[in-house]
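For reference, the structure discussed in these notes is given below.
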Amino acid sequence: MKKLFLLFTLISSFIVSAQETGTIKGLITDANGIPLAGASVSIKVLNKGAMTDFDGNFAIENIEVGTYDVSVSYIGYATLEQSVTVTSGNATKLDVKLNESNSVLDEVILTANKQPQKITDVPATVNVISARDIAEFPSFNIGELAARQKGVDFVRSGVLGTGINIRGFNSAFNSKNLQVTDDRLSTLIATGLPMGSFSTVTKDDIARVEILLGPNGTLYGPNAHNGLVSTITKNPRQSEGTTIAVGGGNQSVLTARLRHAQVINDKFAYKVHFERSQGTEFDYVDSVYVGTTAYKELDLDRDFDSQKYGATLFYNPTSSSELSAYYGHSNSNNIGVTNAGRNQIKDWSIDVAQLKFVSKNFFANTYYTWSNTDETYAMNQRTQNYVSFIENGFSDTEARERSFTEQWFQTGANFGEGVALDRGAVFKDASKRFNAEAQYNNNWDKFYLTAGAQYQLDMADSRGTYLLDEGGIDLDQTGIYTQLEYKLADSGWGFLLGGRIDNHKLYGSNFIPKAAITKKVKNGTFRITYGKGIAVPSILNLKGNLFGGLVLGNGEGFTLTDGTKIQKLDVETINSYEIGYKGKLTEKLFIDTNAYYNQSDNFISPLRNIADAANGNNVTHIGDQPIGDVIEGSTGSFVLTYLNFGHVDTYGLDVGLNYYFNDNFRSSFNYSYFGRDLDKNDLANDGNLDGQVLESELPINTPNHKFSLGVHYNKGKFYGAMYGRYVQKYDFFSGINVAAETQDQDGDGVNEIVENAQVGRTWNYGQLGGFTVDANAGYNFNDNLSFGLSITNLFNADIREFVASPVIETLVSFELKYTMNFFNKKSSSNN
């Protein structure tokens with residue numbers, strides 16, 4: 001009887017204990033009642049939480065009775081906190097509608113740690129271009145919105161061409177800022193350059209763009225050297241419907257876009273997109289010099305066009321996991337600026353296929369990229385080739401035909417006495433890339449772990465036009481990373497420590513560490529961070545073969561006649577130290593500011609001639625192969641290649657202020673300062689081995705001061721913004737391209753650089769920079785139909801933003817957009 005009584009007592013105690021807990025459940029939607037799948041609902045004091053399923057429902061069970069602050073967050077939306085009382089044995093209902101973030105401090109972002117985080121918790125400076133910013137910018141080229149972000153160097157090379165740089169070291173081949181789209185690299189395979197207008201996604205399918213300043217290589221790998229630009233597209237479950245947009249503008253710009261997204265059922269959803277854009281570049285011709293005579297670019301075609309299309313299928317194995325399959329395609333014709341003059345891009349296509357799995361704790365991603373062009377050519381080289389034939393008596397027809405592949409070198413006084421040199425101007429590309437990544441993340445109380453591995457295989461193929469790629473070039477690299485965070489919610493302290501090891505087939509292994517300390521205060525967060533970044537040599541740097549072996553990549557090193565060994569290229573490195581603060585100065589004034597100090601080493605030099613034919617010291621071997629076996633007929637008497645050199649310290653600060661007059665009207669102010677310390681007495685900083693250290697050898701190419709001031713208005717059916725942007729005049733050196741003030745670089749009393757005159761193989765128009773004003777406005781006639789107008793360089797200021805590029809005249813674009821949803825998913829409560 002005593003044992004039976006004891007058992008009854010234990011059971012009763014268990015029942016009483018069970019009744020001392022309850023549940024919180026409910027539905028999370030956006031302001032329009034559309035369920036938000038994957039929203040985070042958490043009770044921080046209990047370290048309990050849940051993610052909403054694909055109908056927006058959630059449930060947190062076994063909560064001890066009491067009153068708790070429940071936090072609800074979702075990427076791109078303002079975080080909401082609400083007090084909830086849990087009663088014994090009951091389910092407390094919590095239905096929440098989240099609004100898109102209007103405050104820079106409330107927003108949740110994804111990119112920094114590959115996990116959703118409130119922006120104030122991120123130990124980095126982050127700019128966000130939101131879905132609203134994109135929707136209210138009536139131009140097909142949303143790259144212009146980067147001009148409105150703090151700490152970003154924005155340049156425009158024409159109607160179509162836009163680009164960004166972060167914290168210095170800009171050039172026409174700028175690969176130090178990694179760009180990713182939906183967790184896949186958006187970079188060209190052989191050159192490492194950002195895809196830019198080659199991207200396969202369209203404006204209406206972009207949910208947001210997150211720009212991180214400073215090194216981010218620990219999680220993202222090589223080339224997140226100075227910064228990271230991450231584009232995130234829309235999920236059909238939060239963006240169902242059909243959008244049709246047509247637009248136009250001056251310079252004969254026309255664009256048409258279509259996006260359709262549909263949720264089929266709880267398991268399947270899909271989206272498709274299409275775009276066709278075309279126009280004509282400004283009436284500008286870049287001078288091509290043969291000796292001191294300037295020639296126009298041969299067969300210059302200023303018309304540009306692009307076609308893009310893609311589709312994604314989403315499958316949900318469970319309520320908390322998603323599998324997506326994507327295919328995208330683009331085809332482009334335009335003009336591209338390079339270090340050696342401009343390229344005429346001809347039918348350059350990009351294809352991408354991706355398979356991605358996402359769940360609460362696991363992430364897996366694999367994708368394949370194809371790049372293809374057969375007729376793209378360097379206008380500068382082709383023009384020089386053409387001139388060599390014409391000046392030696394060849395017909396125009398023959399000169400044009402042979403100018404794609406040869407240059408004529410006259411050896412005698414009579415016609416036909418000479419030799420055709422291999423000086424190919426055509427750039428063919430049939431390169432491919434395979435990427436794979438797996439990641440695990442979890443948290444235990446105050447500890448948060450992220451660990452993963454990445455693999456990349458580049459399969460470069462120029463069909464023998466500009467690479468040493470007989471039989472193809474296969475280069476693989478593997479990276480393993482981990483990151484640990486420790487967060488003390490009560491005191492506001494946070495600690496982050498991460499590291500990555502990357503191993504590459506040619507340049508070996510590199511360790512990329514990262515560390516940060518954050519401290520929350522009442523109105524914001526202070527941070528101290530350290531990060532290392534590496535910028536890796538491109539395949540062109542490593543395996544280039546241009547102009548019949550005159551320019552060779554340095555992936556294996558060289559040997560000279562006297563036994564001298566020229567070391568193969570290594571990675572460039574940067575060690576970056578930063579302090580910053582994000583927070584409120586008043587109830588209406590928000591600030592995000594930072595100061596940083598960078599130590600940069602091992603730059604990739606300008607092209608250098610490593611042979612000394614006058615003294616009989618030629619290149620004999622490339623790696624362990626005789627040069628004549630690699631380049632048929634080469635004696636190695638003249639070889640241009642790339643070497644590592646130098647050290648420079650750079651420093652600066654960025655300040656971003658946002659003032660909210662009311663819910664409809666706000667202003668923003670951004671200011672950036674950049675400085676550098678280059679030891680001109682250290683010959684290790686001599687980029688071209690002429691015994692002098694010159695600023696032009698180090699492509700920092702960044703203004704010391706820049707600022708912007710903007711106003712934004714959005715009320716009822718009307719929206720508008722106006723931005724003034726000032727960039728202090730600055731020198732820009734990039735290969736043969738020069739944009740600089742008159743100067744005596746070496747102190748010998750002679751101006752090597754003269755403004756508005758020929759400098760080397762190009763014309764120097766003078767420094768870049770100036771002041772411009774941009775504006776945009778629009779009107780929503782109803783929930784479906786809207787019209788917008790955008791004006792770049794409103795007052796037609798005489799300003800040149802990039803080398804080998806025209807003055808940017810006023811650009812006007814407009815857009816009419818119609819959105820309909822025949823499949824509107826009605827929200828409902830979960831009882």
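Going by the structure tokens order, chains are called A, B, ..., each with residues numbered from 1, while ligands are numbered from 1 in the order shown.
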
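For Val711 (chain A), the residues within 7 Å (counting only C-alpha atoms, excluding itself and residues fewer than 6 positions away along the chain) are Arg666, Ser667, Ser668, Ala721, Met722 and Tyr723 of chain A.
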
Please produce an output containing N, CA, C and O atoms for each residue in the selection, written as a compact mmCIF listing (two decimals), in the first residue's frame.
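Output contents, as saved in out.txt:
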# COMPACT_ATOMS: atom_id res chain seq x y z
N ARG A 666 12.44 61.65 -44.42
CA ARG A 666 13.72 61.50 -43.73
C ARG A 666 14.84 62.03 -44.60
O ARG A 666 14.70 62.19 -45.82
N SER A 667 15.95 62.33 -43.98
CA SER A 667 17.14 62.76 -44.70
C SER A 667 18.32 61.88 -44.30
O SER A 667 18.33 61.27 -43.23
N SER A 668 19.30 61.82 -45.17
CA SER A 668 20.49 61.01 -44.88
C SER A 668 21.74 61.78 -45.30
O SER A 668 21.73 62.54 -46.28
N ALA A 721 12.87 61.03 -54.05
CA ALA A 721 14.15 61.19 -53.37
C ALA A 721 15.04 62.08 -54.23
O ALA A 721 14.92 62.12 -55.46
N MET A 722 15.94 62.80 -53.55
CA MET A 722 16.93 63.61 -54.24
C MET A 722 18.26 63.45 -53.51
O MET A 722 18.30 63.48 -52.27
N TYR A 723 19.33 63.26 -54.29
CA TYR A 723 20.65 63.02 -53.71
C TYR A 723 21.69 63.92 -54.36
O TYR A 723 21.79 63.97 -55.60

Restrict the calculation to only C-alpha atoms, then for each residue of region 738-782 of chain A with any atom at most 10 Å from an atom of region 127-149 of chain A give the closest atom pair and their distance in Å to one decimal, rows by chain and rising residue number, as JSON lines.
{"residue": "A:Asp774", "atom": "CA", "partner": "A:Glu144", "partner_atom": "CA", "distance": 9.7}
{"residue": "A:Ala775", "atom": "CA", "partner": "A:Phe137", "partner_atom": "CA", "distance": 9.4}
{"residue": "A:Asn776", "atom": "CA", "partner": "A:Phe137", "partner_atom": "CA", "distance": 6.6}
{"residue": "A:Ala777", "atom": "CA", "partner": "A:Glu136", "partner_atom": "CA", "distance": 7.5}
{"residue": "A:Gly778", "atom": "CA", "partner": "A:Glu136", "partner_atom": "CA", "distance": 7.0}
{"residue": "A:Tyr779", "atom": "CA", "partner": "A:Glu136", "partner_atom": "CA", "distance": 9.4}

### Query
Within 9 Å of Lys715 (chain A), counting only C-alpha atoms, which residues qualify if same-chain residues fewer than 5 places away don't, as a ChimeraX atom specification?
/A:663-665

### Message
Need the shell around Thr92 (chain A): protein/DNA/RNA residues with any atom at most 9 Å away, counting only C-alpha atoms. Skip same-chain ones fewer than 2 positions apart. Format as a ChimeraX atom specification?
### Response
/A:22-26,84-87,90,94

### Task
Please provide the set of residues having any atom within 9 Å of Gly652 (chain A), restricted to only C-alpha atoms, with same-chain residues fewer than 4 positions apart removed, written as JSON, numbers by chain.
{"A": [167, 594, 595, 596, 597, 598, 672, 673, 674, 675, 676, 704]}

Those same residues - N, CA and C atoms - I'd like them written as a short mmCIF file (atom, residue, chain, number, x, y, z; two decimals), in the first residue's frame.
data_model
loop_
_atom_site.label_atom_id
_atom_site.label_comp_id
_atom_site.auth_asym_id
_atom_site.auth_seq_id
_atom_site.Cartn_x
_atom_site.Cartn_y
_atom_site.Cartn_z
N ARG A 167 37.06 51.22 -49.95
CA ARG A 167 38.30 51.45 -49.22
C ARG A 167 39.56 51.25 -50.05
N ASN A 594 32.33 54.46 -38.34
CA ASN A 594 33.48 53.58 -38.10
C ASN A 594 34.76 54.32 -38.42
N ALA A 595 35.85 53.84 -37.84
CA ALA A 595 37.19 54.27 -38.21
C ALA A 595 38.03 53.01 -38.37
N TYR A 596 38.92 52.98 -39.38
CA TYR A 596 39.66 51.76 -39.67
C TYR A 596 41.11 52.07 -40.01
N TYR A 597 41.94 51.04 -39.82
CA TYR A 597 43.36 51.12 -40.16
C TYR A 597 43.73 49.80 -40.83
N ASN A 598 44.28 49.89 -42.04
CA ASN A 598 44.60 48.70 -42.82
C ASN A 598 46.09 48.62 -43.12
N SER A 672 32.88 60.12 -46.05
CA SER A 672 33.99 59.18 -45.95
C SER A 672 35.30 59.90 -46.16
N TYR A 673 36.28 59.53 -45.35
CA TYR A 673 37.65 60.02 -45.51
C TYR A 673 38.56 58.82 -45.72
N PHE A 674 39.53 58.97 -46.63
CA PHE A 674 40.50 57.90 -46.89
C PHE A 674 41.89 58.51 -47.01
N GLY A 675 42.84 57.92 -46.29
CA GLY A 675 44.23 58.38 -46.37
C GLY A 675 45.17 57.20 -46.47
N ARG A 676 46.43 57.48 -46.78
CA ARG A 676 47.41 56.40 -46.95
C ARG A 676 48.79 56.89 -46.55
N ASN A 704 40.24 61.33 -51.33
CA ASN A 704 40.42 61.51 -49.88
C ASN A 704 39.10 61.82 -49.18
#

### Query
Residues at most 6 Å from region 240-254 of chain A, counting only C-alpha atoms, excluding those fewer than 2 positions away in the same chain, as a PyMOL selection string?
chain A and resi 236+256-262+277-280+812-821

Since we have the selection now, will you write its residues out, keeping N, CA and C atoms, as a PDB file, in the first residue's frame?
ATOM      1  N   PRO A 236       8.957  33.156 -53.595  1.00  0.00           N
ATOM      2  CA  PRO A 236       7.575  33.291 -54.045  1.00  0.00           C
ATOM      3  C   PRO A 236       6.553  33.278 -52.924  1.00  0.00           C
ATOM      4  N   ALA A 256      12.111  46.021 -71.008  1.00  0.00           N
ATOM      5  CA  ALA A 256      10.857  45.328 -70.713  1.00  0.00           C
ATOM      6  C   ALA A 256      11.179  44.153 -69.811  1.00  0.00           C
ATOM      7  N   ARG A 257      10.366  43.963 -68.763  1.00  0.00           N
ATOM      8  CA  ARG A 257      10.630  42.905 -67.791  1.00  0.00           C
ATOM      9  C   ARG A 257       9.336  42.190 -67.417  1.00  0.00           C
ATOM     10  N   LEU A 258       9.480  40.929 -67.082  1.00  0.00           N
ATOM     11  CA  LEU A 258       8.352  40.130 -66.604  1.00  0.00           C
ATOM     12  C   LEU A 258       8.838  39.248 -65.469  1.00  0.00           C
ATOM     13  N   ARG A 259       8.078  39.228 -64.388  1.00  0.00           N
ATOM     14  CA  ARG A 259       8.338  38.287 -63.292  1.00  0.00           C
ATOM     15  C   ARG A 259       7.021  37.676 -62.864  1.00  0.00           C
ATOM     16  N   HIS A 260       7.024  36.364 -62.678  1.00  0.00           N
ATOM     17  CA  HIS A 260       5.829  35.669 -62.210  1.00  0.00           C
ATOM     18  C   HIS A 260       6.243  34.692 -61.113  1.00  0.00           C
ATOM     19  N   ALA A 261       5.519  34.711 -60.004  1.00  0.00           N
ATOM     20  CA  ALA A 261       5.785  33.796 -58.887  1.00  0.00           C
ATOM     21  C   ALA A 261       4.459  33.224 -58.393  1.00  0.00           C
ATOM     22  N   GLN A 262       4.469  31.934 -58.076  1.00  0.00           N
ATOM     23  CA  GLN A 262       3.229  31.273 -57.652  1.00  0.00           C
ATOM     24  C   GLN A 262       3.523  30.186 -56.628  1.00  0.00           C
ATOM     25  N   SER A 277      16.799  44.578 -72.424  1.00  0.00           N
ATOM     26  CA  SER A 277      17.147  45.995 -72.342  1.00  0.00           C
ATOM     27  C   SER A 277      18.090  46.351 -73.474  1.00  0.00           C
ATOM     28  N   GLN A 278      17.997  47.585 -73.929  1.00  0.00           N
ATOM     29  CA  GLN A 278      18.874  48.036 -74.998  1.00  0.00           C
ATOM     30  C   GLN A 278      19.004  49.546 -74.944  1.00  0.00           C
ATOM     31  N   GLY A 279      20.032  50.059 -75.625  1.00  0.00           N
ATOM     32  CA  GLY A 279      20.258  51.490 -75.663  1.00  0.00           C
ATOM     33  C   GLY A 279      21.523  51.801 -76.439  1.00  0.00           C
ATOM     34  N   THR A 280      21.954  53.050 -76.362  1.00  0.00           N
ATOM     35  CA  THR A 280      23.148  53.499 -77.065  1.00  0.00           C
ATOM     36  C   THR A 280      24.030  54.284 -76.104  1.00  0.00           C
ATOM     37  N   VAL A 812      17.882  60.405 -68.303  1.00  0.00           N
ATOM     38  CA  VAL A 812      16.492  60.366 -67.851  1.00  0.00           C
ATOM     39  C   VAL A 812      15.914  58.999 -68.170  1.00  0.00           C
ATOM     40  N   SER A 813      15.305  58.376 -67.185  1.00  0.00           N
ATOM     41  CA  SER A 813      14.649  57.086 -67.427  1.00  0.00           C
ATOM     42  C   SER A 813      13.287  57.080 -66.740  1.00  0.00           C
ATOM     43  N   PHE A 814      12.354  56.360 -67.330  1.00  0.00           N
ATOM     44  CA  PHE A 814      11.024  56.234 -66.739  1.00  0.00           C
ATOM     45  C   PHE A 814      10.589  54.776 -66.783  1.00  0.00           C
ATOM     46  N   GLU A 815       9.604  54.465 -65.969  1.00  0.00           N
ATOM     47  CA  GLU A 815       9.170  53.075 -65.863  1.00  0.00           C
ATOM     48  C   GLU A 815       7.685  53.015 -65.510  1.00  0.00           C
ATOM     49  N   LEU A 816       6.951  52.207 -66.249  1.00  0.00           N
ATOM     50  CA  LEU A 816       5.546  51.923 -65.957  1.00  0.00           C
ATOM     51  C   LEU A 816       5.460  50.470 -65.537  1.00  0.00           C
ATOM     52  N   LYS A 817       4.899  50.239 -64.355  1.00  0.00           N
ATOM     53  CA  LYS A 817       4.903  48.884 -63.796  1.00  0.00           C
ATOM     54  C   LYS A 817       3.499  48.482 -63.367  1.00  0.00           C
ATOM     55  N   TYR A 818       3.133  47.259 -63.744  1.00  0.00           N
ATOM     56  CA  TYR A 818       1.812  46.724 -63.378  1.00  0.00           C
ATOM     57  C   TYR A 818       2.009  45.390 -62.661  1.00  0.00           C
ATOM     58  N   THR A 819       1.424  45.285 -61.479  1.00  0.00           N
ATOM     59  CA  THR A 819       1.538  44.074 -60.660  1.00  0.00           C
ATOM     60  C   THR A 819       0.153  43.528 -60.370  1.00  0.00           C
ATOM     61  N   MET A 820      -0.009  42.231 -60.565  1.00  0.00           N
ATOM     62  CA  MET A 820      -1.296  41.596 -60.283  1.00  0.00           C
ATOM     63  C   MET A 820      -1.035  40.267 -59.585  1.00  0.00           C
ATOM     64  N   ASN A 821      -2.001  39.839 -58.827  1.00  0.00           N
ATOM     65  CA  ASN A 821      -1.856  38.580 -58.090  1.00  0.00           C
ATOM     66  C   ASN A 821      -3.175  37.821 -58.142  1.00  0.00           C
TER      67      ASN A 821
END

### Task
Once DSSP has gone over the backbone, tell me which residues of region 32-218 of chain A are in strand (DSSP E or B), as a PyMOL selection string.
chain A and resi 35+40-43+48-51+57-64+66-73+77+80-86+91-93+96-98+100+108-109+117-118+125-129+152-156+162-166+177-181+184-185+187+194+206-213
